[in-house]
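Heads up: the structure comes next, in structure tokens.
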Amino acid sequence: MEGRGVEPVSSPLTTHVLDTASGSPARSPCLRLHRLEDHGQQCTELGNSYPDPDGRCPGLLPPGHMKAGTYKLFFDTEGSWRKRGQESFYPYVEVVFTITNETHEVHVPLLLSPWSYTTYRRS
């Protein structure tokens, strides 16, 4: 999962990063996926990736590797905006979510600007 993104696979967990200020995909924020255990006291990094040219990170977890539990997506937003010569109010974004059914696909988009962000679970 290192490097410039992941080849499209049937991953149970995906994300999509959109730059709402420009109306285009956000291509550069490095992101890291963690699994949280012991009520967030322990954190295991599962991998990292970069969005593809469409802003998608389709293969965060290989098929069969998702377990029920709490996960965290960490997005390096400051580094991304800095590369574009822009300041950012938020140096990073952490999205923490719970997966209760490991057989369901989960898509967690991030809508991002230098001054705000929002996320949701796509059904």
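To be explicit about the labels: the chains of the structure tokens are called A, B, and onward in the order shown, and within each one the residues are counted from 1, while ligands get numbers from 1 in the order they are shown.
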
For this session: Excluding range 106-122 of chain A and any residue of its chain fewer than 6 positions from it, enumerate the residues within 10 Å of it, using only C-alpha atoms, and give them as a ChimeraX atom specification.
Result: /A:11-23,25-26,55-58,66,73,75,77-78,80-81,86-91,93,95,97,99

For this session: Assign secondary structure with DSSP using the backbone only, and return the residues of range 11-122 of chain A in strand (DSSP E) as JSON, numbers by chain.
Result: {"A": [13, 14, 15, 16, 17, 18, 19, 24, 25, 31, 32, 33, 34, 35, 36, 37, 42, 43, 44, 45, 46, 47, 48, 49, 56, 57, 69, 70, 71, 72, 73, 74, 75, 93, 94, 95, 96, 97, 98, 99, 106, 107, 110, 111, 112, 117, 118, 119]}

Got time to write the residues from that selection, N, CA and C atoms, as a compact mmCIF listing (two decimals), in the first residue's frame?
# COMPACT_ATOMS: atom_id res chain seq x y z
N LEU A 13 -12.82 -1.56 2.22
CA LEU A 13 -12.73 -0.22 2.78
C LEU A 13 -12.10 0.71 1.76
N THR A 14 -12.80 1.79 1.43
CA THR A 14 -12.28 2.77 0.48
C THR A 14 -12.54 4.18 0.99
N THR A 15 -11.82 5.14 0.40
CA THR A 15 -12.06 6.55 0.69
C THR A 15 -11.89 7.34 -0.60
N HIS A 16 -12.36 8.57 -0.57
CA HIS A 16 -12.33 9.46 -1.73
C HIS A 16 -12.13 10.85 -1.15
N VAL A 17 -11.10 11.56 -1.61
CA VAL A 17 -10.79 12.89 -1.08
C VAL A 17 -11.09 13.93 -2.15
N LEU A 18 -12.01 14.84 -1.84
CA LEU A 18 -12.41 15.87 -2.79
C LEU A 18 -12.08 17.26 -2.25
N ASP A 19 -11.48 18.09 -3.07
CA ASP A 19 -11.16 19.47 -2.74
C ASP A 19 -12.38 20.32 -3.07
N SER A 24 -12.43 19.82 -7.36
CA SER A 24 -11.69 18.76 -8.03
C SER A 24 -11.18 17.73 -7.01
N PRO A 25 -10.72 16.60 -7.49
CA PRO A 25 -10.15 15.60 -6.57
C PRO A 25 -8.92 16.16 -5.86
N LEU A 31 -2.32 9.51 3.45
CA LEU A 31 -3.22 9.03 4.49
C LEU A 31 -2.69 7.73 5.07
N ARG A 32 -3.01 7.56 6.34
CA ARG A 32 -2.62 6.34 7.05
C ARG A 32 -3.87 5.72 7.66
N LEU A 33 -3.94 4.41 7.59
CA LEU A 33 -5.05 3.67 8.18
C LEU A 33 -4.55 2.96 9.43
N HIS A 34 -5.31 3.12 10.52
CA HIS A 34 -5.00 2.47 11.79
C HIS A 34 -6.21 1.69 12.30
N ARG A 35 -5.94 0.65 13.07
CA ARG A 35 -6.99 -0.02 13.83
C ARG A 35 -6.75 0.34 15.29
N LEU A 36 -7.81 0.81 15.96
CA LEU A 36 -7.72 1.19 17.37
C LEU A 36 -8.22 0.04 18.23
N GLU A 37 -7.53 -0.20 19.31
CA GLU A 37 -7.92 -1.25 20.24
C GLU A 37 -7.84 -0.73 21.66
N GLN A 42 -4.54 1.75 22.23
CA GLN A 42 -3.53 1.14 21.36
C GLN A 42 -3.94 1.36 19.91
N CYS A 43 -2.94 1.65 19.09
CA CYS A 43 -3.19 1.98 17.69
C CYS A 43 -2.20 1.20 16.83
N THR A 44 -2.73 0.43 15.88
CA THR A 44 -1.88 -0.34 14.97
C THR A 44 -2.03 0.22 13.57
N GLU A 45 -0.90 0.66 12.99
CA GLU A 45 -0.95 1.17 11.62
C GLU A 45 -1.07 -0.01 10.66
N LEU A 46 -2.07 0.04 9.79
CA LEU A 46 -2.31 -1.03 8.83
C LEU A 46 -1.71 -0.71 7.46
N GLY A 47 -1.40 0.56 7.20
CA GLY A 47 -0.81 0.92 5.92
C GLY A 47 -0.99 2.39 5.63
N ASN A 48 -0.42 2.82 4.50
CA ASN A 48 -0.59 4.20 4.07
C ASN A 48 -0.73 4.24 2.56
N SER A 49 -1.23 5.35 2.07
CA SER A 49 -1.51 5.46 0.65
C SER A 49 -1.65 6.93 0.28
N ARG A 56 -9.28 8.99 -5.30
CA ARG A 56 -9.74 7.75 -4.65
C ARG A 56 -8.57 6.92 -4.12
N CYS A 57 -8.82 6.27 -3.02
CA CYS A 57 -7.89 5.28 -2.45
C CYS A 57 -8.67 3.98 -2.35
N GLY A 69 -14.51 -3.56 14.41
CA GLY A 69 -13.72 -2.78 15.35
C GLY A 69 -13.70 -1.31 14.97
N THR A 70 -12.83 -0.57 15.64
CA THR A 70 -12.70 0.86 15.44
C THR A 70 -11.45 1.15 14.63
N TYR A 71 -11.61 2.01 13.62
CA TYR A 71 -10.53 2.35 12.71
C TYR A 71 -10.35 3.86 12.68
N LYS A 72 -9.16 4.28 12.23
CA LYS A 72 -8.89 5.71 12.08
C LYS A 72 -8.18 5.93 10.75
N LEU A 73 -8.69 6.87 9.97
CA LEU A 73 -8.01 7.36 8.78
C LEU A 73 -7.38 8.70 9.15
N PHE A 74 -6.08 8.81 8.95
CA PHE A 74 -5.33 10.04 9.23
C PHE A 74 -4.92 10.65 7.89
N PHE A 75 -5.32 11.89 7.64
CA PHE A 75 -5.01 12.60 6.40
C PHE A 75 -4.06 13.75 6.71
N VAL A 93 -6.43 15.75 9.45
CA VAL A 93 -7.80 15.33 9.73
C VAL A 93 -7.75 13.86 10.14
N GLU A 94 -8.39 13.55 11.25
CA GLU A 94 -8.53 12.16 11.67
C GLU A 94 -10.01 11.79 11.64
N VAL A 95 -10.33 10.74 10.94
CA VAL A 95 -11.69 10.26 10.88
C VAL A 95 -11.72 8.91 11.57
N VAL A 96 -12.41 8.85 12.68
CA VAL A 96 -12.51 7.61 13.47
C VAL A 96 -13.91 7.05 13.28
N PHE A 97 -13.97 5.76 12.97
CA PHE A 97 -15.26 5.13 12.68
C PHE A 97 -15.23 3.68 13.14
N THR A 98 -16.42 3.12 13.30
CA THR A 98 -16.56 1.75 13.77
C THR A 98 -17.17 0.88 12.68
N ILE A 99 -16.57 -0.25 12.47
CA ILE A 99 -17.09 -1.26 11.55
C ILE A 99 -17.70 -2.37 12.40
N VAL A 106 -17.31 -0.57 3.09
CA VAL A 106 -17.38 0.72 3.77
C VAL A 106 -16.62 1.74 2.92
N HIS A 107 -17.30 2.85 2.60
CA HIS A 107 -16.68 3.94 1.85
C HIS A 107 -16.80 5.20 2.70
N LEU A 110 -13.90 12.07 2.20
CA LEU A 110 -13.50 13.29 2.90
C LEU A 110 -13.65 14.45 1.92
N LEU A 111 -14.47 15.43 2.29
CA LEU A 111 -14.65 16.66 1.52
C LEU A 111 -13.84 17.73 2.23
N LEU A 112 -12.92 18.36 1.50
CA LEU A 112 -11.86 19.13 2.14
C LEU A 112 -11.65 20.48 1.46
N TYR A 117 -13.71 20.85 6.64
CA TYR A 117 -13.81 19.48 6.12
C TYR A 117 -15.08 18.85 6.66
N THR A 118 -15.53 17.84 5.95
CA THR A 118 -16.66 17.04 6.40
C THR A 118 -16.48 15.63 5.85
N THR A 119 -17.15 14.70 6.46
CA THR A 119 -17.07 13.31 6.04
C THR A 119 -18.40 12.64 6.30

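One distance worth recording is that between CA of Arg82 in chain A and CA of Pro53 in chain A, which is 18.2 Å.
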